[in-house]
Amino acid sequence: MRINETQLAQVTDRIDALVSAGSFYGKKLKEAGIAGVHSVEEFEELPFSEKADLRDAYPLGLMTAPEEKIVRIHSSSGTTGLPVIIPYTQKDVDDWAIQFARCYEMAGITNKDRIHITPGYGLWTAGIGFQLGCERLGAMAIPMGPGNTEKQLKMMMDMKSTVLCATSSYALLLAEEIQKRGIRDQIHLTKGVIGSERWGETMRKRIHEELGIELYDIYGLTEIYGPGIGINCNQGTAMHYWDDYIYLEIIDPVTLKPVPDGELGEIVITTLQKEGAPLIRYRTHDLSRIVPGECPCGSKYPRIDVIMGRTDDMVKIKGVNVFPSQIEEVLHEFPETSSEYQIRISHLDGKDTMRLYVETNGSVDFRDLSERIAVAVKSKIGFTPLVKVVELGVLPRSEKKTKRVIDERYE
């Protein structure tokens, strides 16, 4: 899916704004002699931007609109290094609300729904984004924020919430609590809008079955707007994204060249209308692919597949590149396991060791299951991990994102 004439003109307009503002990113473009793009080939010669570039601009080096037009900042949720500060104009905020409202509409959510919002508010873009879209749609927002599961469940029952907005980790935690307390008949949820972290098919199935709700996977990142730049429809897990606001490429993370539609690679995003902090060819490090062809749902917005992982999720063990998604694929073949697992990597006696903790329902032979999983993992990644099978609920649950890989070699 190549960039079209309208999008090229929008990119040139944003480059002009960046250079004119003399922002951190504008200076880089000016030094590179870039004034605009007039063809696909010129666009694909533009330099990429990375999170490290954005951190270098801390605190307000990315600000491209005049300060009197900036109405808000948000910051990335990363825990390492300086945060990335993204300024927003009122138009940026309004555009974000429009995109998020589209997401709700794509999921069949209407102004008669009651939307239970559990992601965090504040500098993080999550909670306030879910609320913006809800208000734009005209639905009732129940702005809970994270934590206090007791209160979450009480409000969910008393307010008859119909839509749950959460990370997949917290949606699972709530589902398990609802089952444990035997209150499912008092819960009125019909849909879940899930974002912020990649989640596998096993977790998707568990949340769907335990809560009995339709699940929708929302996509976004703070640097671009926040959650709401894409969501799947009722025809499957592929996500439609709003190509009037963003141009999305898939590149080979090694060669940095665009790959053909349908091929897996890294998502790169260019903002087409953003004023506060436009970004050109921003490397997200998320892995997905363009889904070619028209969607049976009838929407003309293009699609990407579910997020398969991140290029920086990869860990090197015994000289082998391992992705958490590979482990999930193996565990999906074992119906007796839950969606929860944890990988711990350590360095003992001069060699790397990978321990894999997996939850099961308790009705199986733990030793037999651990041996079968170890054999399956070896056939997938090339070496045998130490597999420890534990009872359901033993591994930690999270109100935010679940940490799947703990690398103790560098602690």
# chains A, B, ... in the order shown; residues from 1 in each chain; ligands from 1
$ select_by_dssp --residues "region 65-161 of chain A" --states "alpha helix (DSSP H)" --output "PyMOL selection string"
chain A and resi 90-106+126-137+149-158
$ residues_around --residues "Glu340 (chain A)" --least-positions-apart "2" --cutoff "10 Å" --atoms "only C-alpha atoms" --output "PyMOL selection string"
chain A and resi 169+172+200+202-203+328+331+337-338+342+357-360+392-397+402+404
$ closest_residue --among "A:Gln186, A:Asn234, A:Ser75, A:Gln90" --to "Lys160 (chain A)" --atoms "only C-alpha atoms"
A:Gln186
$ closest_residue --among "A:Glu336, A:Asp56, A:Glu275, A:Asp16" --to "Asp92 (chain A)" --atoms "only C-alpha atoms"
A:Glu275
$ closest_atom_pairs --of "region 194-293 of chain A" --to "region 123-130 of chain A" --cutoff "7 Å" --atoms "only C-alpha atoms" --output "JSON lines"
{"residue": "A:Thr222", "atom": "CA", "partner": "A:Thr125", "partner_atom": "CA", "distance": 5.9}
{"residue": "A:Gly226", "atom": "CA", "partner": "A:Thr125", "partner_atom": "CA", "distance": 5.3}
{"residue": "A:Pro227", "atom": "CA", "partner": "A:Ala126", "partner_atom": "CA", "distance": 6.3}
$ residues_around --residues "Thr167 (chain A)" --least-positions-apart "3" --cutoff "6 Å" --atoms "only C-alpha atoms" --output "PyMOL selection string"
chain A and resi 170+194-196
$ write_last_selection --atoms "all heavy atoms" --output "mmCIF file, in the first residue's frame"
data_model
loop_
_atom_site.group_PDB
_atom_site.id
_atom_site.type_symbol
_atom_site.label_atom_id
_atom_site.label_comp_id
_atom_site.auth_asym_id
_atom_site.auth_seq_id
_atom_site.Cartn_x
_atom_site.Cartn_y
_atom_site.Cartn_z
ATOM 1 N N TYR A 170 -5.257 -6.794 32.795
ATOM 2 C CA TYR A 170 -6.252 -6.421 33.811
ATOM 3 C C TYR A 170 -7.625 -7.007 33.473
ATOM 4 O O TYR A 170 -8.386 -7.379 34.371
ATOM 5 C CB TYR A 170 -6.333 -4.903 33.964
ATOM 6 C CG TYR A 170 -7.022 -4.490 35.257
ATOM 7 C CD1 TYR A 170 -6.744 -5.151 36.449
ATOM 8 C CD2 TYR A 170 -7.949 -3.460 35.292
ATOM 9 C CE1 TYR A 170 -7.360 -4.789 37.632
ATOM 10 C CE2 TYR A 170 -8.572 -3.092 36.479
ATOM 11 C CZ TYR A 170 -8.269 -3.761 37.645
ATOM 12 O OH TYR A 170 -8.885 -3.417 38.831
ATOM 13 N N ILE A 194 -9.636 -3.670 24.207
ATOM 14 C CA ILE A 194 -8.407 -4.050 24.896
ATOM 15 C C ILE A 194 -7.200 -3.456 24.176
ATOM 16 O O ILE A 194 -7.088 -3.549 22.957
ATOM 17 C CB ILE A 194 -8.267 -5.588 24.944
ATOM 18 C CG1 ILE A 194 -9.549 -6.243 25.479
ATOM 19 C CG2 ILE A 194 -7.053 -6.003 25.760
ATOM 20 C CD1 ILE A 194 -9.926 -5.887 26.892
ATOM 21 N N GLY A 195 -6.297 -2.849 24.940
ATOM 22 C CA GLY A 195 -5.131 -2.226 24.305
ATOM 23 C C GLY A 195 -3.913 -2.236 25.200
ATOM 24 O O GLY A 195 -3.914 -2.833 26.268
ATOM 25 N N SER A 196 -2.860 -1.585 24.745
ATOM 26 C CA SER A 196 -1.639 -1.300 25.475
ATOM 27 C C SER A 196 -0.590 -2.401 25.455
ATOM 28 O O SER A 196 0.571 -2.135 25.665
ATOM 29 C CB SER A 196 -1.957 -0.951 26.937
ATOM 30 O OG SER A 196 -0.785 -0.660 27.644
#
$ residues_around --residues "region 313-318 of chain A" --least-positions-apart "6" --cutoff "10 Å" --atoms "only C-alpha atoms" --output "tab-separated table (two decimals) with N, CA and C atoms, in the first residue's frame"
chain	number	residue	atom	x	y	z
A	285	HIS	N	8.77	-0.21	16.23
A	285	HIS	CA	9.33	-1.51	16.65
A	285	HIS	C	8.25	-2.56	16.89
A	286	ASP	N	6.98	-2.24	16.59
A	286	ASP	CA	5.91	-3.24	16.61
A	286	ASP	C	5.96	-4.06	15.33
A	324	PRO	N	8.89	-13.82	22.69
A	324	PRO	CA	7.80	-14.36	23.51
A	324	PRO	C	6.67	-14.96	22.67
A	325	SER	N	6.41	-14.37	21.48
A	325	SER	CA	5.32	-14.88	20.63
A	325	SER	C	5.58	-16.33	20.21
A	345	ILE	N	15.50	-15.75	32.46
A	345	ILE	CA	16.77	-16.11	31.85
A	345	ILE	C	17.88	-15.76	32.84
A	346	SER	N	18.74	-16.72	33.11
A	346	SER	CA	19.85	-16.46	34.04
A	346	SER	C	21.14	-17.02	33.45
A	347	HIS	N	22.24	-16.67	34.07
A	347	HIS	CA	23.56	-17.14	33.62
A	347	HIS	C	24.19	-17.89	34.78
A	351	LYS	N	27.00	-20.58	31.62
A	351	LYS	CA	26.09	-20.75	30.48
A	351	LYS	C	24.72	-20.15	30.77
A	352	ASP	N	24.04	-19.77	29.68
A	352	ASP	CA	22.69	-19.21	29.81
A	352	ASP	C	21.68	-20.33	30.09
A	353	THR	N	20.72	-20.00	30.94
A	353	THR	CA	19.64	-20.94	31.26
A	353	THR	C	18.31	-20.23	31.10
A	354	MET	N	17.37	-20.89	30.42
A	354	MET	CA	16.02	-20.34	30.28
A	354	MET	C	15.05	-21.21	31.06
A	381	ILE	N	12.52	-23.52	19.03
A	381	ILE	CA	13.61	-22.54	19.15
A	381	ILE	C	15.00	-23.16	19.11
A	382	GLY	N	15.08	-24.50	19.21
A	382	GLY	CA	16.38	-25.15	19.02
A	382	GLY	C	17.11	-25.57	20.27
A	383	PHE	N	16.62	-25.22	21.45
A	383	PHE	CA	17.24	-25.72	22.69
A	383	PHE	C	16.15	-25.99	23.72
A	404	ARG	N	6.50	-10.45	30.85
A	404	ARG	CA	6.61	-11.86	30.47
A	404	ARG	C	8.04	-12.37	30.53
A	405	VAL	N	9.02	-11.51	30.25
A	405	VAL	CA	10.41	-11.94	30.18
A	405	VAL	C	11.22	-11.21	31.24
A	407	ASP	N	14.99	-11.00	32.46
A	407	ASP	CA	16.36	-11.37	32.12
A	407	ASP	C	17.26	-11.03	33.30
$ closest_atom_pairs --of "region 37-56 of chain A" --to "region 240-262 of chain A" --cutoff "12 Å" --atoms "only C-alpha atoms" --output "CSV"
residue,atom,partner,partner_atom,distance
A:Val40,CA,A:Pro258,CA,11.3
A:Glu41,CA,A:Pro258,CA,11.2
A:Phe43,CA,A:Glu249,CA,11.2
A:Glu44,CA,A:Pro258,CA,8.2
A:Glu45,CA,A:Lys257,CA,9.8
A:Leu46,CA,A:Leu256,CA,11.6
A:Pro47,CA,A:Leu256,CA,10.4
A:Phe48,CA,A:Leu256,CA,9.1
$ write_last_selection --atoms "N, CA and C atoms" --output "mmCIF file, in the first residue's frame"
data_model
loop_
_atom_site.group_PDB
_atom_site.id
_atom_site.type_symbol
_atom_site.label_atom_id
_atom_site.label_comp_id
_atom_site.auth_asym_id
_atom_site.auth_seq_id
_atom_site.Cartn_x
_atom_site.Cartn_y
_atom_site.Cartn_z
ATOM 1 N N VAL A 40 6.716 8.653 -4.362
ATOM 2 C CA VAL A 40 6.921 7.530 -3.436
ATOM 3 C C VAL A 40 8.413 7.356 -3.164
ATOM 4 N N GLU A 41 9.214 7.441 -4.212
ATOM 5 C CA GLU A 41 10.658 7.234 -4.077
ATOM 6 C C GLU A 41 11.280 8.273 -3.151
ATOM 7 N N PHE A 43 9.729 9.930 -0.800
ATOM 8 C CA PHE A 43 9.253 9.665 0.560
ATOM 9 C C PHE A 43 10.080 8.561 1.203
ATOM 10 N N GLU A 44 10.360 7.510 0.456
ATOM 11 C CA GLU A 44 11.079 6.371 1.024
ATOM 12 C C GLU A 44 12.560 6.646 1.240
ATOM 13 N N GLU A 45 13.024 7.824 0.801
ATOM 14 C CA GLU A 45 14.390 8.253 1.095
ATOM 15 C C GLU A 45 14.460 9.091 2.372
ATOM 16 N N LEU A 46 13.287 9.477 2.914
ATOM 17 C CA LEU A 46 13.281 10.287 4.135
ATOM 18 C C LEU A 46 13.897 9.503 5.286
ATOM 19 N N PRO A 47 14.624 10.187 6.182
ATOM 20 C CA PRO A 47 15.225 9.471 7.316
ATOM 21 C C PRO A 47 14.154 8.999 8.296
ATOM 22 N N PHE A 48 14.442 7.903 8.983
ATOM 23 C CA PHE A 48 13.544 7.419 10.028
ATOM 24 C C PHE A 48 13.750 8.238 11.294
#
$ residues_around --residues "region 290-293 of chain A" --least-positions-apart "3" --cutoff "8 Å" --atoms "only C-alpha atoms" --output "PyMOL selection string"
chain A and resi 1+238+250+261-264+302-305
$ write_last_selection --atoms "C-alpha atoms" --output "mmCIF file, in the first residue's frame"
data_model
loop_
_atom_site.group_PDB
_atom_site.id
_atom_site.type_symbol
_atom_site.label_atom_id
_atom_site.label_comp_id
_atom_site.auth_asym_id
_atom_site.auth_seq_id
_atom_site.Cartn_x
_atom_site.Cartn_y
_atom_site.Cartn_z
ATOM 1 C CA MET A 1 0.000 0.000 0.000
ATOM 2 C CA ALA A 238 -7.107 -7.596 11.618
ATOM 3 C CA ILE A 250 5.827 -2.089 7.029
ATOM 4 C CA ASP A 261 1.845 -6.214 1.470
ATOM 5 C CA GLY A 262 1.152 -9.356 3.466
ATOM 6 C CA GLU A 263 4.756 -9.782 4.645
ATOM 7 C CA LEU A 264 5.694 -9.460 8.314
ATOM 8 C CA PRO A 302 -6.823 -0.366 5.289
ATOM 9 C CA ARG A 303 -5.899 -3.124 7.730
ATOM 10 C CA ILE A 304 -2.917 -4.502 9.617
ATOM 11 C CA ASP A 305 -2.759 -7.845 11.376
#
$ closest_residue --among "A:Thr237, A:Thr110, A:Arg14, A:Ser299" --to "Ala35 (chain A)" --atoms "only C-alpha atoms"
A:Arg14
$ residues_around --residues "region 140-148 of chain A" --least-positions-apart "2" --cutoff "6 Å" --atoms "only C-alpha atoms" --output "mmCIF file with N, CA, C and O atoms, in the first residue's frame"
data_model
loop_
_atom_site.group_PDB
_atom_site.id
_atom_site.type_symbol
_atom_site.label_atom_id
_atom_site.label_comp_id
_atom_site.auth_asym_id
_atom_site.auth_seq_id
_atom_site.Cartn_x
_atom_site.Cartn_y
_atom_site.Cartn_z
ATOM 1 N N ARG A 114 -22.463 2.159 28.302
ATOM 2 C CA ARG A 114 -21.803 2.687 29.503
ATOM 3 C C ARG A 114 -20.393 2.110 29.519
ATOM 4 O O ARG A 114 -20.217 0.898 29.662
ATOM 5 N N ILE A 115 -19.419 2.982 29.360
ATOM 6 C CA ILE A 115 -18.043 2.543 29.083
ATOM 7 C C ILE A 115 -17.181 2.649 30.345
ATOM 8 O O ILE A 115 -16.935 3.734 30.861
ATOM 9 N N HIS A 116 -16.750 1.490 30.820
ATOM 10 C CA HIS A 116 -15.996 1.341 32.069
ATOM 11 C C HIS A 116 -14.506 1.426 31.738
ATOM 12 O O HIS A 116 -13.930 0.511 31.145
ATOM 13 N N ILE A 117 -13.871 2.530 32.117
ATOM 14 C CA ILE A 117 -12.492 2.826 31.678
ATOM 15 C C ILE A 117 -11.506 2.547 32.808
ATOM 16 O O ILE A 117 -11.491 3.256 33.825
ATOM 17 N N THR A 118 -10.662 1.511 32.639
ATOM 18 C CA THR A 118 -9.714 1.161 33.705
ATOM 19 C C THR A 118 -8.261 1.570 33.440
ATOM 20 O O THR A 118 -7.467 1.585 34.377
ATOM 21 N N PRO A 119 -7.845 1.893 32.191
ATOM 22 C CA PRO A 119 -6.449 2.333 32.013
ATOM 23 C C PRO A 119 -6.157 3.639 32.760
ATOM 24 O O PRO A 119 -7.065 4.416 33.079
ATOM 25 N N GLY A 120 -4.874 3.883 33.016
ATOM 26 C CA GLY A 120 -4.460 5.012 33.832
ATOM 27 C C GLY A 120 -4.661 6.366 33.173
ATOM 28 O O GLY A 120 -4.569 6.511 31.957
ATOM 29 N N GLU A 150 -11.913 -4.287 43.982
ATOM 30 C CA GLU A 150 -13.177 -4.353 44.737
ATOM 31 C C GLU A 150 -14.143 -3.271 44.264
ATOM 32 O O GLU A 150 -15.318 -3.527 43.969
ATOM 33 N N LYS A 151 -13.624 -2.049 44.182
ATOM 34 C CA LYS A 151 -14.467 -0.920 43.751
ATOM 35 C C LYS A 151 -14.836 -1.051 42.270
ATOM 36 O O LYS A 151 -15.953 -0.708 41.862
#
$ decode --residues "region 8-31 of chain A" --atoms "N, CA and C atoms" --output "CSV table (one decimal), in the first residue's frame"
chain,number,residue,atom,x,y,z
A,8,LEU,N,1.2,12.5,0.2
A,8,LEU,CA,2.5,13.2,-0.1
A,8,LEU,C,2.4,14.7,0.2
A,9,ALA,N,1.3,15.3,-0.2
A,9,ALA,CA,1.1,16.7,0.0
A,9,ALA,C,1.0,17.0,1.5
A,10,GLN,N,0.3,16.1,2.3
A,10,GLN,CA,0.2,16.3,3.7
A,10,GLN,C,1.5,16.2,4.4
A,11,VAL,N,2.4,15.2,3.9
A,11,VAL,CA,3.7,15.0,4.5
A,11,VAL,C,4.6,16.3,4.2
A,12,THR,N,4.5,16.8,3.0
A,12,THR,CA,5.2,18.0,2.7
A,12,THR,C,4.8,19.2,3.6
A,13,ASP,N,3.5,19.3,3.8
A,13,ASP,CA,3.0,20.4,4.7
A,13,ASP,C,3.6,20.2,6.1
A,14,ARG,N,3.6,19.0,6.6
A,14,ARG,CA,4.2,18.8,8.0
A,14,ARG,C,5.7,19.0,8.0
A,15,ILE,N,6.4,18.6,6.9
A,15,ILE,CA,7.8,18.9,6.9
A,15,ILE,C,8.1,20.4,6.9
A,16,ASP,N,7.3,21.2,6.2
A,16,ASP,CA,7.4,22.6,6.1
A,16,ASP,C,7.1,23.2,7.5
A,17,ALA,N,6.1,22.7,8.2
A,17,ALA,CA,5.8,23.2,9.6
A,17,ALA,C,7.0,22.9,10.5
A,18,LEU,N,7.6,21.7,10.4
A,18,LEU,CA,8.7,21.3,11.3
A,18,LEU,C,9.9,22.2,11.0
A,19,VAL,N,10.2,22.4,9.8
A,19,VAL,CA,11.4,23.2,9.4
A,19,VAL,C,11.2,24.7,9.8
A,20,SER,N,10.0,25.2,9.6
A,20,SER,CA,9.7,26.6,9.9
A,20,SER,C,9.7,26.8,11.4
A,21,ALA,N,9.3,25.8,12.2
A,21,ALA,CA,9.3,26.0,13.7
A,21,ALA,C,10.7,25.9,14.3
A,22,GLY,N,11.6,25.3,13.5
A,22,GLY,CA,13.0,25.1,14.0
A,22,GLY,C,13.0,24.2,15.2
A,23,SER,N,12.1,23.2,15.3
A,23,SER,CA,12.0,22.3,16.3
A,23,SER,C,13.2,21.3,16.2
A,24,PHE,N,13.4,20.5,17.2
A,24,PHE,CA,14.5,19.5,17.2
A,24,PHE,C,14.5,18.7,15.9
A,25,TYR,N,13.3,18.2,15.6
A,25,TYR,CA,13.2,17.4,14.4
A,25,TYR,C,13.3,18.2,13.1
A,26,GLY,N,12.7,19.4,13.1
A,26,GLY,CA,12.8,20.3,12.0
A,26,GLY,C,14.2,20.6,11.6
A,27,LYS,N,15.1,20.8,12.6
A,27,LYS,CA,16.5,21.1,12.4
A,27,LYS,C,17.2,19.9,11.7
A,28,LYS,N,16.8,18.7,12.1
A,28,LYS,CA,17.4,17.5,11.5
A,28,LYS,C,17.1,17.5,10.0
A,29,LEU,N,15.8,17.7,9.7
A,29,LEU,CA,15.3,17.7,8.3
A,29,LEU,C,16.0,18.8,7.5
A,30,LYS,N,16.1,20.0,8.1
A,30,LYS,CA,16.8,21.1,7.4
A,30,LYS,C,18.2,20.8,7.1
A,31,GLU,N,18.9,20.2,8.1
A,31,GLU,CA,20.4,19.8,7.9
A,31,GLU,C,20.5,18.8,6.8
